[in-house]
Amino acid sequence: MEANPRVDAFIEKSADFAKPILMELRAIIQEANPEIQETWKWSFPAYTWKGKLICSYSAFKAHCAFGFWLTKQLSDPYRILEQTEKSAMGSLGRITHIDQLPERQILIAYIQEAISLSEKGVKMEKKPPTQTWNKSSRDFQEYFGEMNEQAASFDQLSPSQRKEYILWIEDAKTEVTKTKRIQTMMENLLENKSMHWKYNKK
């Protein structure tokens, strides 16, 4: 593994508690695969194999973090991984002392498995799609009733524009406020206006 000067500088500038942790992680990664590439991504050291990210680590004010790109796809026989969404805690949780690292041979095995998965084309598990707000006027007939022109205008809005109107109405604290907001929406829709039409670029 060819040392990356930016990683050298990163470790050198890290807090005293972090240096032995980072140096050990670096040594373990190199032992796991001497041909792995040491690079720099998202402002911290990262390690790739044939162009694909395998793992990375970083140091913060009070802890270090180590993360696998394919954390959820690893078999994890020793139950050392934090199976949570990616965060500043990483795959191994909050690391404040070198003794908190898994045994060297265990972590080496995990890194080698991560490389193997990458070579097989395994990809990171995708998050379920967020709500797209493709709701139409038919979903809110209590608002539109027989106001077909306004309904047609509403359906012509983008999903985000429809979302703005619906959240604005449903967040009303009183029925009086809700009624006024519905009325304002209907007036705007008669002129094919989105909720924030005043701020649209001309």
# chains A, B, ... in the order shown; residues from 1 in each chain; ligands from 1
call {"tool": "closest_atom_pairs", "arguments": {"of": "range 78-115 of chain A", "to": "range 57-68 of chain A", "cutoff": "8 Å", "atoms": "only C-alpha atoms", "output": "tab-separated table"}}
result
residue	atom	partner	partner_atom	distance
A:Ala88	CA	A:Ala65	CA	6.6
A:Met89	CA	A:Ala65	CA	5.5
A:Gly90	CA	A:Gly67	CA	4.6
A:Ser91	CA	A:Gly67	CA	4.5
A:Leu92	CA	A:Phe66	CA	6.1
A:Gly93	CA	A:Ala65	CA	6.7
A:Arg94	CA	A:His63	CA	6.0
A:Ile95	CA	A:Cys64	CA	4.9
A:Thr96	CA	A:His63	CA	4.7
A:Ala114	CA	A:Phe68	CA	7.5
call {"tool": "residues_around", "arguments": {"residues": "range 143-157 of chain A", "least_positions_apart": "2", "cutoff": "7 Å", "atoms": "only C-alpha atoms", "output": "list in words"}}
result
Ser136, Ser137, Phe140, Gln141, Pro159, Gln161, Arg162, Met186, Leu189, Leu190 and Asn192 of chain A
call {"tool": "select_by_dssp", "arguments": {"residues": "range 6-202 of chain A", "states": "helix (DSSP H, G or I)", "output": "MDAnalysis selection string"}}
result
chainID A and resid 6:13 18:32 71:73 98:100 104:119 137:144 148:156 159:170 175:190 197:199
call {"tool": "residues_around", "arguments": {"residues": "Leu74 in chain A", "least_positions_apart": "5", "cutoff": "10 Å", "atoms": "only C-alpha atoms", "output": "PyMOL selection string"}}
result
chain A and resi 68-69+81+110-111+113-114+117
call {"tool": "write_last_selection", "arguments": {"atoms": "C-alpha atoms", "output": "PDB file, in the first residue's frame"}}
result
ATOM      1  CA  PHE A  68     -17.131  -0.140   6.282  1.00  0.00           C
ATOM      2  CA  TRP A  69     -18.952   0.925   3.129  1.00  0.00           C
ATOM      3  CA  LEU A  81     -20.508  -3.978  14.004  1.00  0.00           C
ATOM      4  CA  TYR A 110     -13.735  -8.374   8.155  1.00  0.00           C
ATOM      5  CA  ILE A 111     -11.744  -6.144   5.804  1.00  0.00           C
ATOM      6  CA  GLU A 113     -14.626 -10.070   3.504  1.00  0.00           C
ATOM      7  CA  ALA A 114     -15.534  -6.495   2.566  1.00  0.00           C
ATOM      8  CA  LEU A 117     -18.047  -8.621  -1.389  1.00  0.00           C
TER       9      LEU A 117
END
call {"tool": "atom_distance", "arguments": {"atom1": "CA of Lys50 in chain A", "atom2": "CA of Lys13 in chain A"}}
result
28.9 Å
call {"tool": "closest_residue", "arguments": {"among": "A:Ala3, A:Ala46, A:Ala18, A:Met195", "to": "Ser160 in chain A", "atoms": "only C-alpha atoms"}}
result
A:Met195
call {"tool": "residues_around", "arguments": {"residues": "range 101-109 of chain A", "least_positions_apart": "5", "cutoff": "8 Å", "atoms": "only C-alpha atoms", "output": "ChimeraX atom specification"}}
result
/A:28-29,31-32,78,80,92,95
call {"tool": "write_last_selection", "arguments": {"atoms": "N, CA and C atoms", "output": "short mmCIF file (atom, residue, chain, number, x, y, z; two decimals), in the first residue's frame"}}
result
data_model
loop_
_atom_site.label_atom_id
_atom_site.label_comp_id
_atom_site.auth_asym_id
_atom_site.auth_seq_id
_atom_site.Cartn_x
_atom_site.Cartn_y
_atom_site.Cartn_z
N ILE A 28 -3.57 -2.28 10.24
CA ILE A 28 -4.46 -3.43 10.06
C ILE A 28 -4.98 -3.51 8.63
N ILE A 29 -5.37 -2.37 8.08
CA ILE A 29 -5.87 -2.33 6.70
C ILE A 29 -4.79 -2.77 5.72
N GLU A 31 -2.24 -4.72 6.39
CA GLU A 31 -1.99 -6.15 6.55
C GLU A 31 -3.09 -6.98 5.89
N ALA A 32 -4.31 -6.47 5.95
CA ALA A 32 -5.44 -7.20 5.35
C ALA A 32 -5.26 -7.34 3.85
N TYR A 78 -18.59 -12.09 14.68
CA TYR A 78 -18.18 -11.73 16.04
C TYR A 78 -19.03 -10.61 16.65
N ILE A 80 -19.36 -7.41 16.04
CA ILE A 80 -18.60 -6.21 16.40
C ILE A 80 -19.12 -4.95 15.73
N LEU A 92 -17.86 0.62 14.02
CA LEU A 92 -17.37 0.02 15.27
C LEU A 92 -17.78 0.81 16.50
N ILE A 95 -14.85 5.13 19.35
CA ILE A 95 -13.55 4.59 19.75
C ILE A 95 -12.73 5.69 20.42
#
call {"tool": "closest_residue", "arguments": {"among": "A:Glu119, A:Glu82, A:Asp171, A:Asp16", "to": "Thr48 in chain A", "atoms": "only C-alpha atoms"}}
result
A:Glu119
call {"tool": "atom_distance", "arguments": {"atom1": "CA of Ile166 in chain A", "atom2": "CA of Arg181 in chain A"}}
result
9.8 Å
call {"tool": "atom_distance", "arguments": {"atom1": "CA of Glu38 in chain A", "atom2": "CA of Asp99 in chain A"}}
result
23.9 Å
